[in-house]
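Have a look at the structure below before the remarks.
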Amino acid sequence: MNKKKIEKTADTKHKIAFAFTIEGNNFSSAGEASIRLKHALQHIGYPALLIRRIAVAAYEAEMNIIIHAHRGVMKAEITPETVTIWAEDEGPGIPNVELAMQEGYSTAPDYIREMGFGAGMGLPNIKRCADIFDIKTHIEKRGNIEKGTKIKIVIYNK
């Protein structure tokens with residue numbers, strides 16, 4: 001069964017961390033990782049407007065994996081000061097990151113857009129929500145560099 005699942009959860013006095021496996025093209029479980037992150041933030045008392053920013057960024061990263069990659073993982077670390085999200089996928093990579101950062105640009109196929117996804121707002125929305133946004137992508141495998149995209153999102157609790 002190709003279900004998204006929590007791979008591990010760590011909870012200490014000052015940090016909560018977890019990771020979700022995400023299967024590409026599995027729209028039936030779309031949003032599960034970002035919803036769990038949102039619930040964790042609500043439980044520990046993060047402010048609602050901040051939770052919204054974090055949930056939007058996490059959801060967009062999760063959907064990019066589902067839409068564009070074979071599989072991936074989304075990890076999150078929550079501290080009193082920050083939420084850091086890493087989204088790493090095994091996908092084709094992004095040939096032109098600058099173009100992909102433009103609102104409305106999408107490489108999603110028609111059947112994805114017909115389902116209401118792939119409008120080209122994912123990466124711009126992530127960047128808009130993040131205090132720190134970093135993206136690394138590789139479109140070919142050369143030596144130790146594997147195909148795929150890695151995104152790091154940091155949002156401060158301020």
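A note on labels: chains of the structure tokens are A, B, ... as shown, every chain counts residues from 1, and ligands are counted from 1 in their shown order.
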
Strand (DSSP E) per DSSP on the backbone: members of chain A, as a ChimeraX atom specification
/A:5-11,16-23,71-78,82-90,132-138,148-156

Selection near segment 57-67 of chain A, 8 Å with only C-alpha atoms, sequence-local residues under 6 positions removed, as a CSV table (one decimal) with C-alpha atoms, in the first residue's frame:
```
chain,number,residue,atom,x,y,z
A,22,ILE,CA,5.6,10.9,0.1
A,23,GLU,CA,4.7,8.9,-2.9
A,24,GLY,CA,4.6,10.6,-6.3
A,25,ASN,CA,1.2,10.7,-8.0
A,26,ASN,CA,-0.6,9.6,-4.8
A,27,PHE,CA,-3.3,12.3,-4.6
A,30,ALA,CA,-2.2,14.7,-0.5
A,31,GLY,CA,-1.9,17.1,2.4
A,33,ALA,CA,2.1,15.6,6.1
A,34,SER,CA,1.2,19.3,6.1
A,74,MET,CA,9.3,15.9,4.0
A,85,ILE,CA,11.1,22.1,6.7
A,87,ALA,CA,11.5,18.6,1.1
A,88,GLU,CA,13.6,16.2,-0.9
A,89,ASP,CA,12.4,14.3,-3.9
A,91,GLY,CA,12.3,13.4,-9.5
A,108,ALA,CA,2.4,19.9,-14.6
A,112,ILE,CA,-2.9,17.2,-13.1
A,118,GLY,CA,-0.3,22.4,-10.9
A,122,GLY,CA,3.9,26.2,-5.5
A,123,LEU,CA,7.4,27.5,-5.4
A,125,ASN,CA,4.0,30.5,-2.5
A,126,ILE,CA,6.7,28.7,-0.6
A,127,LYS,CA,9.1,31.6,-1.1
A,129,CYS,CA,5.8,32.2,3.2
A,130,ALA,CA,9.4,31.5,4.1
A,151,ILE,CA,14.1,22.6,-0.7
A,153,ILE,CA,12.2,26.4,4.3
```

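If only C-alpha atoms are the atoms counted, then among A:Leu37, A:Ala119, A:Val83, A:Ile135 the closest residue to Lys152 of chain A is A:Ile135.
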
Practice problem: Write out as a PyMOL selection string each polymer residue whose atoms come within 9 Å of segment 78-82 of chain A, counting only C-alpha atoms; drop sequence neighbours fewer than 6 positions from it. | Solution: chain A and resi 14-17+40-41+46+154-158

Counting only C-alpha atoms, closest pick from A:Ile51, A:His43, A:Ala76, A:Ile35 relative to Phe18 of chain A is A:Ala76

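When atom CA of Ser106 of chain A is paired with atom CA of Thr84 of chain A, their separation reads 25.5 Å.
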
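With only C-alpha atoms as the atoms that count, the minimum distance from Ile139 of chain A to the choices A:Lys75, A:Tyr105, A:Ala69, A:Tyr111 is reached by A:Ala69.
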